[in-house]
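Trainee: The following file, query_27.cif, comprises mmCIF, N, CA and C atoms:
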data_entry
#
loop_
_atom_site.label_atom_id
_atom_site.label_comp_id
_atom_site.auth_asym_id
_atom_site.auth_seq_id
_atom_site.Cartn_x
_atom_site.Cartn_y
_atom_site.Cartn_z
N MET A 1 28.24 -40.80 -20.35
CA MET A 1 28.02 -40.53 -18.93
C MET A 1 26.62 -41.02 -18.58
N ASN A 2 26.52 -41.71 -17.47
CA ASN A 2 25.21 -42.26 -17.12
C ASN A 2 24.34 -41.23 -16.40
N ASP A 3 23.07 -41.55 -16.29
CA ASP A 3 22.09 -40.63 -15.70
C ASP A 3 22.39 -40.32 -14.23
N LYS A 4 22.91 -41.31 -13.52
CA LYS A 4 23.23 -41.12 -12.09
C LYS A 4 24.29 -40.02 -11.92
N ILE A 5 25.33 -40.08 -12.75
CA ILE A 5 26.40 -39.07 -12.69
C ILE A 5 25.83 -37.69 -13.04
N LYS A 6 24.99 -37.63 -14.05
CA LYS A 6 24.39 -36.35 -14.44
C LYS A 6 23.58 -35.74 -13.29
N LEU A 7 22.81 -36.59 -12.60
CA LEU A 7 22.03 -36.10 -11.46
C LEU A 7 22.94 -35.62 -10.33
N PHE A 8 24.00 -36.38 -10.05
CA PHE A 8 24.97 -35.98 -9.03
C PHE A 8 25.61 -34.64 -9.40
N GLU A 9 25.96 -34.47 -10.67
CA GLU A 9 26.58 -33.21 -11.11
C GLU A 9 25.64 -32.03 -10.93
N MET A 10 24.37 -32.23 -11.30
CA MET A 10 23.40 -31.14 -11.14
C MET A 10 23.23 -30.77 -9.67
N ALA A 11 23.14 -31.76 -8.81
CA ALA A 11 22.99 -31.50 -7.38
C ALA A 11 24.25 -30.84 -6.83
N ASN A 12 25.41 -31.28 -7.27
CA ASN A 12 26.68 -30.72 -6.84
C ASN A 12 26.75 -29.23 -7.17
N LYS A 13 26.39 -28.87 -8.39
CA LYS A 13 26.41 -27.47 -8.80
C LYS A 13 25.48 -26.62 -7.94
N LYS A 14 24.34 -27.17 -7.61
CA LYS A 14 23.37 -26.44 -6.80
C LYS A 14 23.88 -26.25 -5.36
N LEU A 15 24.52 -27.28 -4.81
CA LEU A 15 24.96 -27.24 -3.41
C LEU A 15 26.32 -26.55 -3.23
N ALA A 16 27.02 -26.29 -4.31
CA ALA A 16 28.36 -25.69 -4.22
C ALA A 16 28.34 -24.29 -3.62
N ASN A 17 27.19 -23.69 -3.49
CA ASN A 17 27.07 -22.36 -2.89
C ASN A 17 26.50 -22.39 -1.48
N ASP A 18 26.33 -23.59 -0.95
CA ASP A 18 25.75 -23.76 0.39
C ASP A 18 26.81 -24.35 1.32
N SER A 19 27.28 -23.55 2.26
CA SER A 19 28.38 -23.98 3.14
C SER A 19 28.00 -25.16 4.06
N GLY A 20 26.76 -25.57 4.03
CA GLY A 20 26.34 -26.72 4.82
C GLY A 20 26.67 -28.05 4.16
N PHE A 21 27.16 -27.99 2.91
CA PHE A 21 27.46 -29.21 2.17
C PHE A 21 28.92 -29.25 1.75
N ILE A 22 29.43 -30.46 1.63
CA ILE A 22 30.84 -30.65 1.27
C ILE A 22 31.11 -30.10 -0.14
N ALA A 23 30.11 -30.04 -1.00
CA ALA A 23 30.28 -29.47 -2.34
C ALA A 23 30.88 -28.07 -2.24
N TYR A 24 30.43 -27.30 -1.27
CA TYR A 24 30.94 -25.94 -1.06
C TYR A 24 32.43 -25.97 -0.73
N TYR A 25 32.84 -26.88 0.15
CA TYR A 25 34.23 -26.97 0.57
C TYR A 25 35.12 -27.47 -0.57
N LEU A 26 34.61 -28.37 -1.38
CA LEU A 26 35.37 -28.86 -2.53
C LEU A 26 35.57 -27.73 -3.54
N LYS A 27 34.53 -26.95 -3.77
CA LYS A 27 34.64 -25.82 -4.71
C LYS A 27 35.63 -24.78 -4.17
N LYS A 28 35.52 -24.45 -2.89
CA LYS A 28 36.44 -23.47 -2.29
C LYS A 28 37.88 -23.98 -2.35
N TYR A 29 38.08 -25.26 -2.09
CA TYR A 29 39.42 -25.85 -2.13
C TYR A 29 39.99 -25.75 -3.55
N GLN A 30 39.16 -26.02 -4.54
CA GLN A 30 39.61 -25.87 -5.93
C GLN A 30 40.06 -24.45 -6.20
N GLU A 31 39.30 -23.49 -5.73
CA GLU A 31 39.63 -22.08 -5.95
C GLU A 31 40.89 -21.68 -5.20
N LEU A 32 40.98 -22.05 -3.94
CA LEU A 32 42.11 -21.66 -3.10
C LEU A 32 43.43 -22.29 -3.56
N GLU A 33 43.38 -23.54 -3.95
CA GLU A 33 44.59 -24.28 -4.31
C GLU A 33 44.84 -24.32 -5.81
N SER A 34 43.93 -23.75 -6.59
CA SER A 34 44.03 -23.76 -8.06
C SER A 34 44.23 -25.19 -8.58
N VAL A 35 43.35 -26.08 -8.15
CA VAL A 35 43.40 -27.47 -8.58
C VAL A 35 42.07 -27.86 -9.22
N SER A 36 42.11 -28.90 -10.02
CA SER A 36 40.91 -29.40 -10.68
C SER A 36 40.19 -30.42 -9.81
N ALA A 37 38.97 -30.73 -10.20
CA ALA A 37 38.22 -31.78 -9.51
C ALA A 37 38.95 -33.12 -9.66
N ASN A 38 39.58 -33.34 -10.81
CA ASN A 38 40.34 -34.58 -11.01
C ASN A 38 41.51 -34.67 -10.04
N ALA A 39 42.17 -33.55 -9.77
CA ALA A 39 43.28 -33.54 -8.82
C ALA A 39 42.77 -33.87 -7.41
N ILE A 40 41.59 -33.35 -7.07
CA ILE A 40 41.01 -33.65 -5.76
C ILE A 40 40.62 -35.13 -5.69
N CYS A 41 40.10 -35.68 -6.79
CA CYS A 41 39.78 -37.11 -6.82
C CYS A 41 41.03 -37.93 -6.54
N SER A 42 42.15 -37.52 -7.11
CA SER A 42 43.41 -38.22 -6.86
C SER A 42 43.81 -38.11 -5.40
N GLU A 43 43.66 -36.90 -4.84
CA GLU A 43 44.00 -36.67 -3.44
C GLU A 43 43.11 -37.48 -2.50
N LEU A 44 41.86 -37.64 -2.90
CA LEU A 44 40.91 -38.39 -2.08
C LEU A 44 40.89 -39.88 -2.43
N ASN A 45 41.66 -40.23 -3.45
CA ASN A 45 41.74 -41.62 -3.90
C ASN A 45 40.35 -42.19 -4.19
N CYS A 46 39.62 -41.45 -5.06
CA CYS A 46 38.24 -41.86 -5.35
C CYS A 46 37.89 -41.64 -6.81
N SER A 47 36.79 -42.24 -7.21
CA SER A 47 36.26 -42.08 -8.56
C SER A 47 35.47 -40.77 -8.65
N GLU A 48 35.14 -40.41 -9.88
CA GLU A 48 34.31 -39.21 -10.09
C GLU A 48 32.95 -39.38 -9.42
N GLU A 49 32.39 -40.56 -9.53
CA GLU A 49 31.07 -40.80 -8.92
C GLU A 49 31.14 -40.66 -7.41
N ASN A 50 32.17 -41.21 -6.77
CA ASN A 50 32.31 -41.07 -5.32
C ASN A 50 32.58 -39.63 -4.91
N TYR A 51 33.33 -38.91 -5.73
CA TYR A 51 33.58 -37.48 -5.49
C TYR A 51 32.24 -36.73 -5.47
N LEU A 52 31.40 -37.02 -6.45
CA LEU A 52 30.11 -36.35 -6.53
C LEU A 52 29.18 -36.77 -5.39
N ARG A 53 29.22 -38.05 -5.01
CA ARG A 53 28.44 -38.51 -3.85
C ARG A 53 28.89 -37.78 -2.59
N LEU A 54 30.21 -37.65 -2.45
CA LEU A 54 30.78 -36.93 -1.30
C LEU A 54 30.27 -35.50 -1.25
N SER A 55 30.20 -34.84 -2.38
CA SER A 55 29.79 -33.44 -2.41
C SER A 55 28.38 -33.22 -1.89
N LEU A 56 27.56 -34.26 -1.89
CA LEU A 56 26.17 -34.15 -1.44
C LEU A 56 26.02 -34.35 0.06
N CYS A 57 27.11 -34.69 0.73
CA CYS A 57 27.07 -34.91 2.19
C CYS A 57 27.10 -33.59 2.94
N LYS A 58 26.48 -33.60 4.11
CA LYS A 58 26.54 -32.42 4.98
C LYS A 58 27.96 -32.28 5.50
N THR A 59 28.40 -31.04 5.66
CA THR A 59 29.75 -30.76 6.12
C THR A 59 29.83 -30.88 7.64
N PRO A 60 30.79 -31.68 8.13
CA PRO A 60 30.98 -31.73 9.59
C PRO A 60 31.69 -30.46 10.06
N ASP A 61 31.40 -30.05 11.26
CA ASP A 61 32.05 -28.89 11.85
C ASP A 61 33.52 -29.23 12.12
N ALA A 62 34.42 -28.50 11.48
CA ALA A 62 35.86 -28.78 11.60
C ALA A 62 36.38 -28.58 13.01
N TYR A 63 35.62 -27.89 13.86
CA TYR A 63 36.07 -27.59 15.21
C TYR A 63 35.31 -28.40 16.28
N ALA A 64 34.45 -29.30 15.83
CA ALA A 64 33.66 -30.10 16.77
C ALA A 64 34.48 -31.29 17.27
N GLU A 65 34.14 -31.73 18.47
CA GLU A 65 34.85 -32.87 19.07
C GLU A 65 34.66 -34.15 18.26
N ASP A 66 33.52 -34.29 17.59
CA ASP A 66 33.24 -35.51 16.83
C ASP A 66 33.66 -35.41 15.36
N PHE A 67 34.48 -34.42 15.03
CA PHE A 67 34.90 -34.21 13.63
C PHE A 67 35.50 -35.48 13.03
N SER A 68 36.45 -36.09 13.70
CA SER A 68 37.13 -37.29 13.17
C SER A 68 36.14 -38.44 12.95
N THR A 69 35.24 -38.61 13.88
CA THR A 69 34.24 -39.66 13.75
C THR A 69 33.36 -39.41 12.53
N ARG A 70 32.93 -38.18 12.39
CA ARG A 70 32.06 -37.84 11.24
C ARG A 70 32.81 -37.98 9.92
N ILE A 71 34.09 -37.56 9.90
CA ILE A 71 34.90 -37.72 8.69
C ILE A 71 35.02 -39.20 8.33
N ASN A 72 35.29 -40.03 9.33
CA ASN A 72 35.40 -41.47 9.08
C ASN A 72 34.09 -42.06 8.55
N ASP A 73 32.98 -41.64 9.11
CA ASP A 73 31.67 -42.12 8.64
C ASP A 73 31.42 -41.70 7.19
N ILE A 74 31.68 -40.44 6.90
CA ILE A 74 31.47 -39.93 5.54
C ILE A 74 32.41 -40.65 4.56
N SER A 75 33.65 -40.81 4.96
CA SER A 75 34.64 -41.47 4.10
C SER A 75 34.24 -42.91 3.80
N GLN A 76 33.77 -43.59 4.82
CA GLN A 76 33.35 -44.98 4.64
C GLN A 76 32.13 -45.05 3.71
N HIS A 77 31.21 -44.13 3.88
CA HIS A 77 29.99 -44.11 3.07
C HIS A 77 30.28 -43.78 1.60
N THR A 78 31.25 -42.90 1.35
CA THR A 78 31.51 -42.42 -0.01
C THR A 78 32.75 -43.04 -0.66
N GLY A 79 33.53 -43.77 0.10
CA GLY A 79 34.71 -44.42 -0.47
C GLY A 79 35.86 -43.47 -0.77
N VAL A 80 36.03 -42.45 0.07
CA VAL A 80 37.13 -41.51 -0.11
C VAL A 80 38.11 -41.63 1.05
N SER A 81 39.29 -41.08 0.85
CA SER A 81 40.31 -41.09 1.90
C SER A 81 39.91 -40.18 3.05
N PRO A 82 39.84 -40.70 4.28
CA PRO A 82 39.49 -39.84 5.41
C PRO A 82 40.57 -38.78 5.68
N PHE A 83 41.82 -39.12 5.39
CA PHE A 83 42.91 -38.16 5.63
C PHE A 83 42.82 -36.99 4.64
N GLY A 84 42.59 -37.31 3.38
CA GLY A 84 42.45 -36.26 2.37
C GLY A 84 41.24 -35.39 2.63
N LEU A 85 40.13 -36.02 2.99
CA LEU A 85 38.90 -35.27 3.26
C LEU A 85 39.08 -34.35 4.46
N SER A 86 39.68 -34.86 5.51
CA SER A 86 39.93 -34.05 6.71
C SER A 86 40.80 -32.85 6.36
N LYS A 87 41.84 -33.09 5.60
CA LYS A 87 42.76 -32.00 5.21
C LYS A 87 42.02 -30.91 4.44
N ILE A 88 41.20 -31.31 3.48
CA ILE A 88 40.47 -30.34 2.65
C ILE A 88 39.51 -29.52 3.50
N ILE A 89 38.71 -30.18 4.32
CA ILE A 89 37.71 -29.46 5.11
C ILE A 89 38.39 -28.54 6.12
N LYS A 90 39.41 -29.02 6.80
CA LYS A 90 40.10 -28.18 7.78
C LYS A 90 40.79 -26.99 7.12
N ARG A 91 41.42 -27.22 5.97
CA ARG A 91 42.10 -26.12 5.28
C ARG A 91 41.11 -25.03 4.90
N VAL A 92 40.02 -25.41 4.28
CA VAL A 92 39.02 -24.42 3.87
C VAL A 92 38.39 -23.75 5.08
N ALA A 93 38.04 -24.52 6.10
CA ALA A 93 37.43 -23.95 7.30
C ALA A 93 38.36 -22.94 7.96
N ASN A 94 39.64 -23.26 8.04
CA ASN A 94 40.60 -22.34 8.66
C ASN A 94 40.77 -21.07 7.84
N ILE A 95 40.82 -21.20 6.54
CA ILE A 95 40.97 -20.01 5.70
C ILE A 95 39.72 -19.15 5.77
N LEU A 96 38.55 -19.78 5.78
CA LEU A 96 37.31 -19.00 5.90
C LEU A 96 37.24 -18.28 7.24
N LYS A 97 37.66 -18.97 8.29
CA LYS A 97 37.66 -18.34 9.63
C LYS A 97 38.65 -17.18 9.67
N LEU A 98 39.81 -17.39 9.10
CA LEU A 98 40.82 -16.34 9.05
C LEU A 98 40.33 -15.15 8.23
N SER A 99 39.66 -15.43 7.13
CA SER A 99 39.21 -14.35 6.25
C SER A 99 38.11 -13.50 6.88
N GLU A 100 37.44 -14.02 7.90
CA GLU A 100 36.44 -13.22 8.62
C GLU A 100 37.09 -12.06 9.35
N ASN A 101 38.35 -12.25 9.75
CA ASN A 101 39.04 -11.27 10.58
C ASN A 101 40.16 -10.52 9.86
N VAL A 102 40.41 -10.85 8.61
CA VAL A 102 41.53 -10.27 7.88
C VAL A 102 41.04 -9.70 6.57
N SER A 103 41.69 -8.65 6.12
CA SER A 103 41.29 -8.04 4.85
C SER A 103 41.65 -8.95 3.68
N PRO A 104 40.89 -8.89 2.60
CA PRO A 104 41.19 -9.71 1.42
C PRO A 104 42.57 -9.44 0.83
N ALA A 105 43.05 -8.20 0.92
CA ALA A 105 44.38 -7.87 0.39
C ALA A 105 45.47 -8.66 1.11
N PHE A 106 45.32 -8.84 2.42
CA PHE A 106 46.30 -9.61 3.19
C PHE A 106 46.33 -11.06 2.73
N LEU A 107 45.15 -11.64 2.51
CA LEU A 107 45.09 -13.03 2.07
C LEU A 107 45.71 -13.19 0.68
N MET A 108 45.46 -12.23 -0.21
CA MET A 108 46.06 -12.31 -1.54
C MET A 108 47.57 -12.20 -1.46
N ALA A 109 48.07 -11.34 -0.60
CA ALA A 109 49.52 -11.18 -0.45
C ALA A 109 50.13 -12.46 0.10
N ALA A 110 49.46 -13.09 1.05
CA ALA A 110 49.97 -14.34 1.61
C ALA A 110 49.97 -15.44 0.56
N ARG A 111 48.94 -15.49 -0.26
CA ARG A 111 48.87 -16.50 -1.32
C ARG A 111 49.96 -16.25 -2.35
N ASP A 112 50.18 -14.98 -2.74
CA ASP A 112 51.22 -14.64 -3.70
C ASP A 112 52.59 -15.00 -3.17
N LYS A 113 52.83 -14.77 -1.89
CA LYS A 113 54.12 -15.09 -1.30
C LYS A 113 54.35 -16.60 -1.36
N LYS A 114 53.32 -17.40 -1.07
CA LYS A 114 53.45 -18.85 -1.11
C LYS A 114 53.79 -19.29 -2.53
N ARG A 115 53.11 -18.74 -3.53
CA ARG A 115 53.39 -19.11 -4.91
C ARG A 115 54.82 -18.72 -5.31
N ASN A 116 55.27 -17.55 -4.87
CA ASN A 116 56.64 -17.14 -5.19
C ASN A 116 57.65 -18.07 -4.55
N ASN A 117 57.40 -18.49 -3.31
CA ASN A 117 58.29 -19.42 -2.64
C ASN A 117 58.31 -20.77 -3.35
N ASP A 118 57.14 -21.22 -3.83
CA ASP A 118 57.07 -22.48 -4.57
C ASP A 118 57.86 -22.39 -5.86
N ASN A 119 57.79 -21.24 -6.53
CA ASN A 119 58.54 -21.05 -7.78
C ASN A 119 60.04 -21.04 -7.51
N ASP A 120 60.46 -20.43 -6.40
CA ASP A 120 61.88 -20.40 -6.04
C ASP A 120 62.41 -21.80 -5.80
N LYS A 121 61.61 -22.66 -5.19
CA LYS A 121 62.03 -24.02 -4.87
C LYS A 121 62.18 -24.86 -6.13
N SER A 122 61.36 -24.58 -7.16
CA SER A 122 61.41 -25.39 -8.37
C SER A 122 62.54 -24.97 -9.29
N ASN A 123 63.15 -23.83 -9.02
CA ASN A 123 64.25 -23.36 -9.90
C ASN A 123 65.58 -23.90 -9.46
#
Would you mind writing the structure in this file as structure tokens?
Mentor:
Amino acid sequence: MNDKIKLFEMANKKLANDSGFIAYYLKKYQELESVSANAICSELNCSEENYLRLSLCKTPDAYAEDFSTRINDISQHTGVSPFGLSKIIKRVANILKLSENVSPAFLMAARDKKRNNDNDKSN
């Protein structure tokens, strides 16, 4: 692993707790969807290095009028899919907004129901 990747990883870990950066949204998405960073790289159609570069970007406001423009700019700069990035940020933003007004038990029940439905479909 080269030094650049190591530096990106260290910065990513530090920013993963700051909601002002995409690193936070990527970490939350991993937790919410139970997916790995590699799975997100596949979804974003990007390399590990571009994933880490993306994580260092400031998060655009999912509810702002210029959201699509900012997503396109970030995607172009980091080489990731704008559609995948938009989906991830909006999903996490919506769940965070919902969780402000709903008890954690309700969210867990909704997540469990979704998993049970997914299991029923695969049988």
Trainee: Quick one: everything within 5 Å of Thr59 of chain A, counting all atoms listed in the file, minus sequence neighbours fewer than 4 positions away in the same chain. Send it as a ChimeraX atom specification.
Mentor: /A:20-22
Trainee: Would you be able to write out as a short mmCIF file (atom, residue, chain, number, x, y, z; two decimals) with N, CA and C atoms, in the coordinates of the input which residues have an atom within 8 Å of (28.5, -34.2, -1.3) in the file's coordinates, counting only N, CA and C atoms?
Mentor:
data_model
loop_
_atom_site.label_atom_id
_atom_site.label_comp_id
_atom_site.auth_asym_id
_atom_site.auth_seq_id
_atom_site.Cartn_x
_atom_site.Cartn_y
_atom_site.Cartn_z
N ALA A 11 23.14 -31.76 -8.81
CA ALA A 11 22.99 -31.50 -7.38
C ALA A 11 24.25 -30.84 -6.83
N ASN A 12 25.41 -31.28 -7.27
CA ASN A 12 26.68 -30.72 -6.84
C ASN A 12 26.75 -29.23 -7.17
N PHE A 21 27.16 -27.99 2.91
CA PHE A 21 27.46 -29.21 2.17
C PHE A 21 28.92 -29.25 1.75
N ILE A 22 29.43 -30.46 1.63
CA ILE A 22 30.84 -30.65 1.27
C ILE A 22 31.11 -30.10 -0.14
N ALA A 23 30.11 -30.04 -1.00
CA ALA A 23 30.28 -29.47 -2.34
C ALA A 23 30.88 -28.07 -2.24
N TYR A 24 30.43 -27.30 -1.27
CA TYR A 24 30.94 -25.94 -1.06
C TYR A 24 32.43 -25.97 -0.73
N ASN A 50 32.17 -41.21 -6.77
CA ASN A 50 32.31 -41.07 -5.32
C ASN A 50 32.58 -39.63 -4.91
N TYR A 51 33.33 -38.91 -5.73
CA TYR A 51 33.58 -37.48 -5.49
C TYR A 51 32.24 -36.73 -5.47
N LEU A 52 31.40 -37.02 -6.45
CA LEU A 52 30.11 -36.35 -6.53
C LEU A 52 29.18 -36.77 -5.39
N ARG A 53 29.22 -38.05 -5.01
CA ARG A 53 28.44 -38.51 -3.85
C ARG A 53 28.89 -37.78 -2.59
N LEU A 54 30.21 -37.65 -2.45
CA LEU A 54 30.78 -36.93 -1.30
C LEU A 54 30.27 -35.50 -1.25
N SER A 55 30.20 -34.84 -2.38
CA SER A 55 29.79 -33.44 -2.41
C SER A 55 28.38 -33.22 -1.89
N LEU A 56 27.56 -34.26 -1.89
CA LEU A 56 26.17 -34.15 -1.44
C LEU A 56 26.02 -34.35 0.06
N CYS A 57 27.11 -34.69 0.73
CA CYS A 57 27.07 -34.91 2.19
C CYS A 57 27.10 -33.59 2.94
N LYS A 58 26.48 -33.60 4.11
CA LYS A 58 26.54 -32.42 4.98
C LYS A 58 27.96 -32.28 5.50
N THR A 59 28.40 -31.04 5.66
CA THR A 59 29.75 -30.76 6.12
C THR A 59 29.83 -30.88 7.64
#
Trainee: Using only C-alpha atoms, pick whichever of A:Glu9, A:Asp61, A:Asp18, A:Glu49 has the shortest atom-to-atom distance to Gly79 of chain A.
Mentor: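 Using only C-alpha atoms, the shortest distance to Gly79 of chain A belongs to A:Glu49.
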Trainee: Atom N of Ser36 of chain A and atom C of Lys90 of chain A are how many Å apart?
Mentor: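 Here the two named atoms are 17.3 Å from each other.
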Trainee: Identify, on the basis of only C-alpha atoms, every residue whose closest approach to Arg91 of chain A does not exceed 10 Å; exclude the query and any residue fewer than 2 positions from it along the same chain; express the result as an MDAnalysis selection string.
Mentor: chainID A and resid 25 28:29 32 62 85:89 93:97
Trainee: Figure out the distance between atom C of Ser19 of chain A and atom CA of Leu98 of chain A, please, to one decimal in Å.
Mentor: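 Taking atom CA of Leu98 of chain A and atom C of Ser19 of chain A, their separation equals 16.3 Å.
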Trainee: Could you tell me how far atom N of Asp3 of chain A lies from atom N of Ile71 of chain A, in Å and to one decimal?
Mentor: 28.7 Å
Trainee: Apply DSSP to the backbone of this structure and, from chain A, keep only the residues in alpha helix (DSSP H); write these as a PyMOL selection string.
Mentor: chain A and resi 3-15+22-33+37-44+48-55+67-78+82-101+104-122
Trainee: To test the calculation: enclose all listed atoms of segment 41-47 of chain A in a box whose edges run along x, y and z, add 6 Å on each side, then state centre and edge lengths in Å to one decimal, as AutoDock Vina command-line options.
Mentor:
--center_x 39.7 --center_y -39.0 --center_z -5.4 --size_x 20.5 --size_y 18.6 --size_z 18.6
Trainee: Pick the closest to Val80 of chain A from A:Val92, A:Val35, A:Cys46, A:Ala64: which is it, counting all atoms listed in the file?
Mentor: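 Residue with the minimum atom-to-atom distance to Val80 of chain A: A:Cys46.
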Trainee: If you count only N, CA and C atoms, which residues fall within 8 Å of Ala37 of chain A, apart from same-chain ones fewer than 4 positions away, as a PyMOL selection string?
Mentor: chain A and resi 26+30+41-43+48
Trainee: Looking at A:Ser47, A:Asp66, A:Asn17, A:Pro60, which one is nearest to Thr78 of chain A, with distances taken over only N, CA and C atoms?
Mentor: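 Closest candidate: A:Ser47.
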Trainee: Write only N, CA and C atoms for segment 76-99 of chain A from the block just shown, as a PDB file, in the first residue's frame.
Mentor:
ATOM      1  N   GLN A  76     -17.245  14.148 -10.453  1.00  0.00           N
ATOM      2  CA  GLN A  76     -16.260  14.401 -11.500  1.00  0.00           C
ATOM      3  C   GLN A  76     -14.860  14.519 -10.889  1.00  0.00           C
ATOM      4  N   HIS A  77     -14.759  15.183  -9.759  1.00  0.00           N
ATOM      5  CA  HIS A  77     -13.470  15.384  -9.093  1.00  0.00           C
ATOM      6  C   HIS A  77     -12.888  14.070  -8.562  1.00  0.00           C
ATOM      7  N   THR A  78     -13.741  13.172  -8.080  1.00  0.00           N
ATOM      8  CA  THR A  78     -13.268  11.946  -7.430  1.00  0.00           C
ATOM      9  C   THR A  78     -13.399  10.695  -8.292  1.00  0.00           C
ATOM     10  N   GLY A  79     -14.066  10.798  -9.421  1.00  0.00           N
ATOM     11  CA  GLY A  79     -14.197   9.648 -10.305  1.00  0.00           C
ATOM     12  C   GLY A  79     -15.168   8.587  -9.812  1.00  0.00           C
ATOM     13  N   VAL A  80     -16.243   9.021  -9.159  1.00  0.00           N
ATOM     14  CA  VAL A  80     -17.255   8.072  -8.684  1.00  0.00           C
ATOM     15  C   VAL A  80     -18.563   8.301  -9.426  1.00  0.00           C
ATOM     16  N   SER A  81     -19.444   7.328  -9.326  1.00  0.00           N
ATOM     17  CA  SER A  81     -20.753   7.433  -9.965  1.00  0.00           C
ATOM     18  C   SER A  81     -21.609   8.490  -9.269  1.00  0.00           C
ATOM     19  N   PRO A  82     -22.103   9.489  -9.995  1.00  0.00           N
ATOM     20  CA  PRO A  82     -22.958  10.494  -9.356  1.00  0.00           C
ATOM     21  C   PRO A  82     -24.283   9.892  -8.871  1.00  0.00           C
ATOM     22  N   PHE A  83     -24.770   8.875  -9.571  1.00  0.00           N
ATOM     23  CA  PHE A  83     -26.044   8.257  -9.173  1.00  0.00           C
ATOM     24  C   PHE A  83     -25.880   7.487  -7.864  1.00  0.00           C
ATOM     25  N   GLY A  84     -24.801   6.725  -7.772  1.00  0.00           N
ATOM     26  CA  GLY A  84     -24.534   5.976  -6.541  1.00  0.00           C
ATOM     27  C   GLY A  84     -24.287   6.902  -5.366  1.00  0.00           C
ATOM     28  N   LEU A  85     -23.515   7.958  -5.594  1.00  0.00           N
ATOM     29  CA  LEU A  85     -23.213   8.914  -4.527  1.00  0.00           C
ATOM     30  C   LEU A  85     -24.475   9.614  -4.050  1.00  0.00           C
ATOM     31  N   SER A  86     -25.300  10.040  -4.981  1.00  0.00           N
ATOM     32  CA  SER A  86     -26.556  10.703  -4.626  1.00  0.00           C
ATOM     33  C   SER A  86     -27.433   9.770  -3.793  1.00  0.00           C
ATOM     34  N   LYS A  87     -27.531   8.532  -4.215  1.00  0.00           N
ATOM     35  CA  LYS A  87     -28.346   7.545  -3.492  1.00  0.00           C
ATOM     36  C   LYS A  87     -27.862   7.375  -2.055  1.00  0.00           C
ATOM     37  N   ILE A  88     -26.556   7.232  -1.886  1.00  0.00           N
ATOM     38  CA  ILE A  88     -25.985   7.020  -0.550  1.00  0.00           C
ATOM     39  C   ILE A  88     -26.243   8.220   0.348  1.00  0.00           C
ATOM     40  N   ILE A  89     -25.952   9.411  -0.138  1.00  0.00           N
ATOM     41  CA  ILE A  89     -26.108  10.604   0.698  1.00  0.00           C
ATOM     42  C   ILE A  89     -27.579  10.838   1.037  1.00  0.00           C
ATOM     43  N   LYS A  90     -28.458  10.709   0.061  1.00  0.00           N
ATOM     44  CA  LYS A  90     -29.882  10.916   0.332  1.00  0.00           C
ATOM     45  C   LYS A  90     -30.433   9.869   1.291  1.00  0.00           C
ATOM     46  N   ARG A  91     -30.024   8.616   1.123  1.00  0.00           N
ATOM     47  CA  ARG A  91     -30.513   7.555   2.019  1.00  0.00           C
ATOM     48  C   ARG A  91     -30.106   7.838   3.458  1.00  0.00           C
ATOM     49  N   VAL A  92     -28.842   8.135   3.662  1.00  0.00           N
ATOM     50  CA  VAL A  92     -28.364   8.404   5.023  1.00  0.00           C
ATOM     51  C   VAL A  92     -29.003   9.674   5.573  1.00  0.00           C
ATOM     52  N   ALA A  93     -29.074  10.724   4.780  1.00  0.00           N
ATOM     53  CA  ALA A  93     -29.680  11.983   5.238  1.00  0.00           C
ATOM     54  C   ALA A  93     -31.132  11.772   5.643  1.00  0.00           C
ATOM     55  N   ASN A  94     -31.879  11.014   4.858  1.00  0.00           N
ATOM     56  CA  ASN A  94     -33.282  10.766   5.180  1.00  0.00           C
ATOM     57  C   ASN A  94     -33.434   9.932   6.446  1.00  0.00           C
ATOM     58  N   ILE A  95     -32.600   8.941   6.618  1.00  0.00           N
ATOM     59  CA  ILE A  95     -32.682   8.122   7.826  1.00  0.00           C
ATOM     60  C   ILE A  95     -32.289   8.933   9.053  1.00  0.00           C
ATOM     61  N   LEU A  96     -31.265   9.766   8.919  1.00  0.00           N
ATOM     62  CA  LEU A  96     -30.867  10.618  10.052  1.00  0.00           C
ATOM     63  C   LEU A  96     -31.976  11.597  10.413  1.00  0.00           C
ATOM     64  N   LYS A  97     -32.604  12.163   9.393  1.00  0.00           N
ATOM     65  CA  LYS A  97     -33.708  13.106   9.641  1.00  0.00           C
ATOM     66  C   LYS A  97     -34.881  12.391  10.310  1.00  0.00           C
ATOM     67  N   LEU A  98     -35.191  11.212   9.814  1.00  0.00           N
ATOM     68  CA  LEU A  98     -36.271  10.424  10.395  1.00  0.00           C
ATOM     69  C   LEU A  98     -35.958  10.038  11.839  1.00  0.00           C
ATOM     70  N   SER A  99     -34.710   9.684  12.091  1.00  0.00           N
ATOM     71  CA  SER A  99     -34.340   9.240  13.439  1.00  0.00           C
ATOM     72  C   SER A  99     -34.381  10.364  14.467  1.00  0.00           C
TER      73      SER A  99
END
